[in-house]
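Student: Below: one structure in structure tokens.
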Amino acid sequence: MLKTNVKASNITNLTDARYFAAWEVKWLGFDFQEGSENYISPPTMKAIKEWVEGVKFVGEFPFTTAEDMNAAVAALELDAIQVGMFTEVEVLEKISEVTVIKEVVISPDVDEASLENHLQLYAPHVEYFLFSFEKSGTTWEMMKNGKSQISIAVLGKICNQYKIILSIDLSPDALEEILAIPNLHGLNVKGGEEEKVGVKSFDELDEIFEALEILV
């Protein structure tokens, strides 16, 4: 059992899927955006899905029409979809009944007021917001040292209002501080390429999950 919910993104192979499922993550995310570095074809994802249990399956769609997302949800029996930073509200209004996660890229110059306006606009159509600090190069140390307008205190305030999944540089040393954020809903980690089929090193992720594990 883990201390918080975990979403594993960018799953492209069964090795990753089985690893994360064994650690009892809540979500496995698959990138269906053609041309993306981590793109996975629907048939490949469907084959992986048959070998993994106990997790929710998320289709990641950075730039996709509502019609295509609805079709994927039906064909692949997805539990949730994750939409990109610039997905418009009008698209989400056309989504059939499925859990929606919306990515929000947090750059160092994003201020609290503009972020709050964005969240209020999308909140009626979104269950979770995935705050991506990694994509803007914003680190936990930058937040601690006041180099991001979204401070740790502001992040805690937002977590009291919305279900936030945090995607930021993770290290075992920082996890205790990150998990101390009040009402933080979860963390995002990422899969990666295999060294060869069925072979991959999980040393860095092992450290993170061991720090997240509740020993019983």
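Residues are referred to by chain and number: the chain letter is A, B, ... according to the order shown in the structure tokens, the number counts from 1 in that chain, and ligands are numbered separately from 1 in the order shown.
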Please return, as an mmCIF file with N, CA and C atoms, in the first residue's frame, all residues of region 5-183 of chain A that DSSP assigns to alpha helix (DSSP H) on the basis of the backbone.
Tutor:
```
data_model
loop_
_atom_site.group_PDB
_atom_site.id
_atom_site.type_symbol
_atom_site.label_atom_id
_atom_site.label_comp_id
_atom_site.auth_asym_id
_atom_site.auth_seq_id
_atom_site.Cartn_x
_atom_site.Cartn_y
_atom_site.Cartn_z
ATOM 1 N N LEU A 14 4.611 -3.810 -21.632
ATOM 2 C CA LEU A 14 4.043 -4.636 -20.572
ATOM 3 C C LEU A 14 4.930 -4.663 -19.334
ATOM 4 N N THR A 15 6.237 -4.555 -19.526
ATOM 5 C CA THR A 15 7.160 -4.558 -18.381
ATOM 6 C C THR A 15 6.837 -3.423 -17.424
ATOM 7 N N ASP A 16 6.670 -2.218 -17.964
ATOM 8 C CA ASP A 16 6.288 -1.073 -17.132
ATOM 9 C C ASP A 16 4.931 -1.299 -16.481
ATOM 10 N N ALA A 17 3.969 -1.728 -17.285
ATOM 11 C CA ALA A 17 2.611 -1.899 -16.778
ATOM 12 C C ALA A 17 2.577 -2.858 -15.591
ATOM 13 N N ARG A 18 3.276 -3.968 -15.719
ATOM 14 C CA ARG A 18 3.297 -4.943 -14.632
ATOM 15 C C ARG A 18 4.035 -4.403 -13.407
ATOM 16 N N TYR A 19 5.107 -3.670 -13.640
ATOM 17 C CA TYR A 19 5.873 -3.099 -12.525
ATOM 18 C C TYR A 19 4.998 -2.155 -11.710
ATOM 19 N N PHE A 20 4.347 -1.220 -12.393
ATOM 20 C CA PHE A 20 3.531 -0.234 -11.675
ATOM 21 C C PHE A 20 2.319 -0.886 -11.022
ATOM 22 N N ALA A 21 1.715 -1.853 -11.681
ATOM 23 C CA ALA A 21 0.568 -2.540 -11.097
ATOM 24 C C ALA A 21 0.975 -3.287 -9.828
ATOM 25 N N ALA A 22 2.172 -3.862 -9.835
ATOM 26 C CA ALA A 22 2.662 -4.574 -8.651
ATOM 27 C C ALA A 22 2.825 -3.630 -7.460
ATOM 28 N N PRO A 42 -3.552 1.753 -30.117
ATOM 29 C CA PRO A 42 -4.652 1.135 -29.366
ATOM 30 C C PRO A 42 -4.579 -0.391 -29.295
ATOM 31 N N PRO A 43 -4.237 -1.115 -30.379
ATOM 32 C CA PRO A 43 -4.137 -2.572 -30.255
ATOM 33 C C PRO A 43 -3.067 -3.025 -29.259
ATOM 34 N N THR A 44 -1.918 -2.303 -29.232
ATOM 35 C CA THR A 44 -0.862 -2.661 -28.278
ATOM 36 C C THR A 44 -1.321 -2.421 -26.855
ATOM 37 N N MET A 45 -1.976 -1.268 -26.646
ATOM 38 C CA MET A 45 -2.495 -0.973 -25.307
ATOM 39 C C MET A 45 -3.502 -2.025 -24.874
ATOM 40 N N LYS A 46 -4.377 -2.423 -25.796
ATOM 41 C CA LYS A 46 -5.409 -3.404 -25.471
ATOM 42 C C LYS A 46 -4.790 -4.738 -25.081
ATOM 43 N N ALA A 47 -3.709 -5.107 -25.755
ATOM 44 C CA ALA A 47 -3.018 -6.353 -25.416
ATOM 45 C C ALA A 47 -2.405 -6.282 -24.021
ATOM 46 N N ILE A 48 -1.801 -5.130 -23.689
ATOM 47 C CA ILE A 48 -1.221 -4.944 -22.351
ATOM 48 C C ILE A 48 -2.320 -5.007 -21.297
ATOM 49 N N LYS A 49 -3.435 -4.367 -21.570
ATOM 50 C CA LYS A 49 -4.555 -4.287 -20.630
ATOM 51 C C LYS A 49 -5.024 -5.673 -20.189
ATOM 52 N N ALA A 66 -13.214 15.506 -29.369
ATOM 53 C CA ALA A 66 -14.108 14.820 -28.446
ATOM 54 C C ALA A 66 -14.601 13.518 -29.051
ATOM 55 N N GLU A 67 -14.878 13.541 -30.354
ATOM 56 C CA GLU A 67 -15.385 12.343 -31.019
ATOM 57 C C GLU A 67 -14.379 11.195 -30.951
ATOM 58 N N ASP A 68 -13.103 11.505 -31.196
ATOM 59 C CA ASP A 68 -12.074 10.468 -31.145
ATOM 60 C C ASP A 68 -11.862 9.954 -29.721
ATOM 61 N N MET A 69 -11.939 10.849 -28.749
ATOM 62 C CA MET A 69 -11.783 10.411 -27.359
ATOM 63 C C MET A 69 -12.945 9.533 -26.933
ATOM 64 N N ASN A 70 -14.155 9.922 -27.291
ATOM 65 C CA ASN A 70 -15.319 9.102 -26.951
ATOM 66 C C ASN A 70 -15.227 7.717 -27.595
ATOM 67 N N ALA A 71 -14.744 7.675 -28.842
ATOM 68 C CA ALA A 71 -14.605 6.396 -29.539
ATOM 69 C C ALA A 71 -13.569 5.516 -28.844
ATOM 70 N N ALA A 72 -12.459 6.122 -28.417
ATOM 71 C CA ALA A 72 -11.411 5.359 -27.729
ATOM 72 C C ALA A 72 -11.895 4.834 -26.382
ATOM 73 N N VAL A 73 -12.647 5.648 -25.661
ATOM 74 C CA VAL A 73 -13.190 5.216 -24.371
ATOM 75 C C VAL A 73 -14.055 3.981 -24.553
ATOM 76 N N ALA A 74 -14.905 4.003 -25.591
ATOM 77 C CA ALA A 74 -15.799 2.878 -25.841
ATOM 78 C C ALA A 74 -15.048 1.636 -26.315
ATOM 79 N N ALA A 75 -14.117 1.824 -27.248
ATOM 80 C CA ALA A 75 -13.420 0.681 -27.847
ATOM 81 C C ALA A 75 -12.447 0.018 -26.875
ATOM 82 N N LEU A 76 -11.794 0.820 -26.037
ATOM 83 C CA LEU A 76 -10.753 0.301 -25.150
ATOM 84 C C LEU A 76 -11.213 0.164 -23.708
ATOM 85 N N VAL A 89 -12.763 24.087 -23.338
ATOM 86 C CA VAL A 89 -13.939 23.686 -22.564
ATOM 87 C C VAL A 89 -15.000 23.084 -23.478
ATOM 88 N N GLU A 90 -15.141 23.649 -24.686
ATOM 89 C CA GLU A 90 -16.158 23.164 -25.623
ATOM 90 C C GLU A 90 -15.933 21.698 -25.991
ATOM 91 N N VAL A 91 -14.671 21.272 -26.008
ATOM 92 C CA VAL A 91 -14.366 19.861 -26.277
ATOM 93 C C VAL A 91 -14.822 19.000 -25.103
ATOM 94 N N LEU A 92 -14.534 19.439 -23.895
ATOM 95 C CA LEU A 92 -14.897 18.659 -22.716
ATOM 96 C C LEU A 92 -16.403 18.551 -22.541
ATOM 97 N N GLU A 112 -0.863 33.167 -9.147
ATOM 98 C CA GLU A 112 -1.978 32.492 -8.484
ATOM 99 C C GLU A 112 -3.321 32.881 -9.097
ATOM 100 N N ALA A 113 -3.509 34.142 -9.431
ATOM 101 C CA ALA A 113 -4.801 34.604 -9.938
ATOM 102 C C ALA A 113 -5.135 33.976 -11.285
ATOM 103 N N SER A 114 -4.167 33.967 -12.199
ATOM 104 C CA SER A 114 -4.432 33.388 -13.519
ATOM 105 C C SER A 114 -4.644 31.881 -13.427
ATOM 106 N N LEU A 115 -3.906 31.212 -12.529
ATOM 107 C CA LEU A 115 -4.089 29.776 -12.340
ATOM 108 C C LEU A 115 -5.474 29.488 -11.772
ATOM 109 N N GLU A 116 -5.894 30.271 -10.813
ATOM 110 C CA GLU A 116 -7.210 30.080 -10.210
ATOM 111 C C GLU A 116 -8.321 30.281 -11.248
ATOM 112 N N ASN A 117 -8.168 31.270 -12.110
ATOM 113 C CA ASN A 117 -9.157 31.503 -13.168
ATOM 114 C C ASN A 117 -9.258 30.294 -14.094
ATOM 115 N N HIS A 118 -8.101 29.715 -14.421
ATOM 116 C CA HIS A 118 -8.060 28.544 -15.298
ATOM 117 C C HIS A 118 -8.772 27.359 -14.636
ATOM 118 N N LEU A 119 -8.502 27.143 -13.377
ATOM 119 C CA LEU A 119 -9.098 26.021 -12.667
ATOM 120 C C LEU A 119 -10.610 26.190 -12.542
ATOM 121 N N GLN A 120 -11.044 27.389 -12.247
ATOM 122 C CA GLN A 120 -12.485 27.649 -12.121
ATOM 123 C C GLN A 120 -13.206 27.407 -13.438
ATOM 124 N N LEU A 121 -12.571 27.762 -14.552
ATOM 125 C CA LEU A 121 -13.177 27.587 -15.864
ATOM 126 C C LEU A 121 -13.407 26.112 -16.185
ATOM 127 N N TYR A 122 -12.422 25.284 -15.825
ATOM 128 C CA TYR A 122 -12.475 23.874 -16.212
ATOM 129 C C TYR A 122 -13.078 22.960 -15.148
ATOM 130 N N TRP A 140 11.175 21.272 -7.473
ATOM 131 C CA TRP A 140 10.760 21.434 -6.082
ATOM 132 C C TRP A 140 11.660 22.442 -5.363
ATOM 133 N N GLU A 141 12.937 22.398 -5.641
ATOM 134 C CA GLU A 141 13.865 23.345 -5.009
ATOM 135 C C GLU A 141 13.540 24.781 -5.415
ATOM 136 N N MET A 142 13.156 25.000 -6.667
ATOM 137 C CA MET A 142 12.764 26.345 -7.113
ATOM 138 C C MET A 142 11.558 26.841 -6.330
ATOM 139 N N MET A 143 10.600 25.961 -6.096
ATOM 140 C CA MET A 143 9.431 26.357 -5.310
ATOM 141 C C MET A 143 9.823 26.685 -3.875
ATOM 142 N N LYS A 144 10.686 25.874 -3.304
ATOM 143 C CA LYS A 144 11.119 26.110 -1.924
ATOM 144 C C LYS A 144 11.873 27.424 -1.792
ATOM 145 N N ILE A 152 4.876 26.746 -2.379
ATOM 146 C CA ILE A 152 4.351 25.564 -1.706
ATOM 147 C C ILE A 152 3.078 25.914 -0.941
ATOM 148 N N ALA A 153 3.054 27.101 -0.337
ATOM 149 C CA ALA A 153 1.867 27.540 0.402
ATOM 150 C C ALA A 153 0.669 27.712 -0.528
ATOM 151 N N VAL A 154 0.895 28.303 -1.698
ATOM 152 C CA VAL A 154 -0.184 28.475 -2.676
ATOM 153 C C VAL A 154 -0.667 27.121 -3.177
ATOM 154 N N LEU A 155 0.264 26.209 -3.422
ATOM 155 C CA LEU A 155 -0.094 24.875 -3.871
ATOM 156 C C LEU A 155 -0.965 24.177 -2.833
ATOM 157 N N GLY A 156 -0.613 24.322 -1.575
ATOM 158 C CA GLY A 156 -1.419 23.732 -0.512
ATOM 159 C C GLY A 156 -2.826 24.297 -0.476
ATOM 160 N N LYS A 157 -2.935 25.599 -0.710
ATOM 161 C CA LYS A 157 -4.246 26.257 -0.737
ATOM 162 C C LYS A 157 -5.111 25.706 -1.873
ATOM 163 N N ILE A 158 -4.483 25.517 -3.033
ATOM 164 C CA ILE A 158 -5.210 24.992 -4.191
ATOM 165 C C ILE A 158 -5.643 23.553 -3.949
ATOM 166 N N CYS A 159 -4.782 22.769 -3.291
ATOM 167 C CA CYS A 159 -5.111 21.366 -3.012
ATOM 168 C C CYS A 159 -6.314 21.242 -2.071
ATOM 169 N N PRO A 172 13.634 10.539 -3.319
ATOM 170 C CA PRO A 172 13.243 10.056 -1.992
ATOM 171 C C PRO A 172 13.394 11.130 -0.916
ATOM 172 N N ASP A 173 14.415 11.986 -1.049
ATOM 173 C CA ASP A 173 14.655 13.019 -0.039
ATOM 174 C C ASP A 173 13.547 14.065 -0.018
ATOM 175 N N ALA A 174 12.974 14.384 -1.185
ATOM 176 C CA ALA A 174 11.948 15.429 -1.261
ATOM 177 C C ALA A 174 10.549 14.901 -0.969
ATOM 178 N N LEU A 175 10.373 13.585 -1.039
ATOM 179 C CA LEU A 175 9.022 13.034 -0.931
ATOM 180 C C LEU A 175 8.333 13.390 0.379
ATOM 181 N N GLU A 176 9.052 13.365 1.469
ATOM 182 C CA GLU A 176 8.434 13.668 2.763
ATOM 183 C C GLU A 176 7.854 15.075 2.765
ATOM 184 N N GLU A 177 8.593 16.022 2.187
ATOM 185 C CA GLU A 177 8.102 17.403 2.108
ATOM 186 C C GLU A 177 6.896 17.501 1.173
ATOM 187 N N ILE A 178 6.968 16.826 0.041
ATOM 188 C CA ILE A 178 5.872 16.884 -0.928
ATOM 189 C C ILE A 178 4.598 16.273 -0.350
ATOM 190 N N LEU A 179 4.734 15.148 0.323
ATOM 191 C CA LEU A 179 3.562 14.482 0.889
ATOM 192 C C LEU A 179 2.965 15.247 2.057
#
```
Student: Do you know which residues are at most 8 Å from Lys7 (chain A) counting only C-alpha atoms, after dropping those on the same chain fewer than 5 positions away, and could you put them as a ChimeraX atom specification?
Tutor: /A:25-29,186-189
Student: Go ahead and save the picked residues with N, CA and C atoms, as a PDB file, in the first residue's frame.
Tutor:
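Listing of result-v9.pdb after writing:
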```
ATOM      1  N   VAL A  25      -0.269   1.127  -8.082  1.00  0.00           N
ATOM      2  CA  VAL A  25      -0.622   2.492  -8.486  1.00  0.00           C
ATOM      3  C   VAL A  25      -2.113   2.518  -8.803  1.00  0.00           C
ATOM      4  N   LYS A  26      -2.691   3.707  -8.795  1.00  0.00           N
ATOM      5  CA  LYS A  26      -4.130   3.829  -9.065  1.00  0.00           C
ATOM      6  C   LYS A  26      -4.423   3.854 -10.557  1.00  0.00           C
ATOM      7  N   TRP A  27      -3.551   4.564 -11.332  1.00  0.00           N
ATOM      8  CA  TRP A  27      -3.809   4.756 -12.755  1.00  0.00           C
ATOM      9  C   TRP A  27      -2.605   4.345 -13.605  1.00  0.00           C
ATOM     10  N   LEU A  28      -2.873   3.767 -14.759  1.00  0.00           N
ATOM     11  CA  LEU A  28      -1.873   3.579 -15.808  1.00  0.00           C
ATOM     12  C   LEU A  28      -2.290   4.440 -16.994  1.00  0.00           C
ATOM     13  N   GLY A  29      -1.396   5.308 -17.458  1.00  0.00           N
ATOM     14  CA  GLY A  29      -1.717   6.214 -18.551  1.00  0.00           C
ATOM     15  C   GLY A  29      -1.012   5.822 -19.843  1.00  0.00           C
ATOM     16  N   GLY A 186      -2.394  13.152  -5.243  1.00  0.00           N
ATOM     17  CA  GLY A 186      -1.538  12.087  -5.761  1.00  0.00           C
ATOM     18  C   GLY A 186      -0.313  12.609  -6.477  1.00  0.00           C
ATOM     19  N   LEU A 187       0.504  11.673  -6.940  1.00  0.00           N
ATOM     20  CA  LEU A 187       1.746  11.982  -7.648  1.00  0.00           C
ATOM     21  C   LEU A 187       1.727  11.315  -9.013  1.00  0.00           C
ATOM     22  N   ASN A 188       2.471  11.896  -9.946  1.00  0.00           N
ATOM     23  CA  ASN A 188       2.606  11.333 -11.281  1.00  0.00           C
ATOM     24  C   ASN A 188       4.045  10.888 -11.507  1.00  0.00           C
ATOM     25  N   VAL A 189       4.205   9.655 -11.964  1.00  0.00           N
ATOM     26  CA  VAL A 189       5.522   9.151 -12.360  1.00  0.00           C
ATOM     27  C   VAL A 189       5.429   8.720 -13.820  1.00  0.00           C
TER      28      VAL A 189
END
```
Student: Which polymer residues have any atom within 6 Å of an atom of Ile81 (chain A), counting only C-alpha atoms, with same-chain residues fewer than 3 positions away left out, as a PDB file with C-alpha atoms, in the first residue's frame?
Tutor:
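That gives us result36.pdb:
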```pdb
ATOM      1  CA  VAL A  58      -6.246   6.277 -18.665  1.00  0.00           C
ATOM      2  CA  GLY A  59      -6.054   7.405 -22.269  1.00  0.00           C
ATOM      3  CA  GLU A  60      -3.771  10.426 -22.606  1.00  0.00           C
ATOM      4  CA  VAL A 100     -11.462  13.537 -16.891  1.00  0.00           C
TER       5      VAL A 100
END
```
Student: Have a look at CA of Glu207 (chain A) and CA of Tyr162 (chain A) and let me know their distance in Å, one decimal.
Tutor: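 Taking CA of Glu207 (chain A) and CA of Tyr162 (chain A), their separation equals 28.5 Å.
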Student: When you draw a straight line from CA of Pro62 (chain A) to CA of Pro124 (chain A), how long is it in Å?
Tutor: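 Taking CA of Pro62 (chain A) as the start and CA of Pro124 (chain A) as the end point, the length is 19.3 Å.
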Student: Of the candidates A:Glu88, A:Gly137, A:Val83, A:Ser148, which shows the shortest atom-to-atom distance to Asp111 (chain A), using only C-alpha atoms?
Tutor: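 With only C-alpha atoms as the atom set, the closest residue is A:Ser148.
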Student: Work out how far CA of Ile40 (chain A) is from CA of Asn10 (chain A), in Å to one decimal.
Tutor: 8.5 Å
Student: Using only C-alpha atoms, find the one residue out of A:Thr139, A:Gln82, A:Ser132, A:Ser151 that sits nearest to Leu166 (chain A).
Tutor: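 Nearest to Leu166 (chain A): A:Ser132.
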Student: I'd like to know which of A:Lys56, A:Leu2, A:Val104, A:Phe63 is closest to Gly35 (chain A), using only C-alpha atoms.
Tutor: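 Checking each of A:Lys56, A:Leu2, A:Val104, A:Phe63 against Gly35 (chain A), counting only C-alpha atoms, the winner is A:Phe63.
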Student: Of the candidates A:Thr87, A:Ala123, A:Lys190, A:Ala180, which shows the shortest atom-to-atom distance to Lys3 (chain A), using only C-alpha atoms?
Tutor: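 Distance minimum relative to Lys3 (chain A) lands on A:Ala180.
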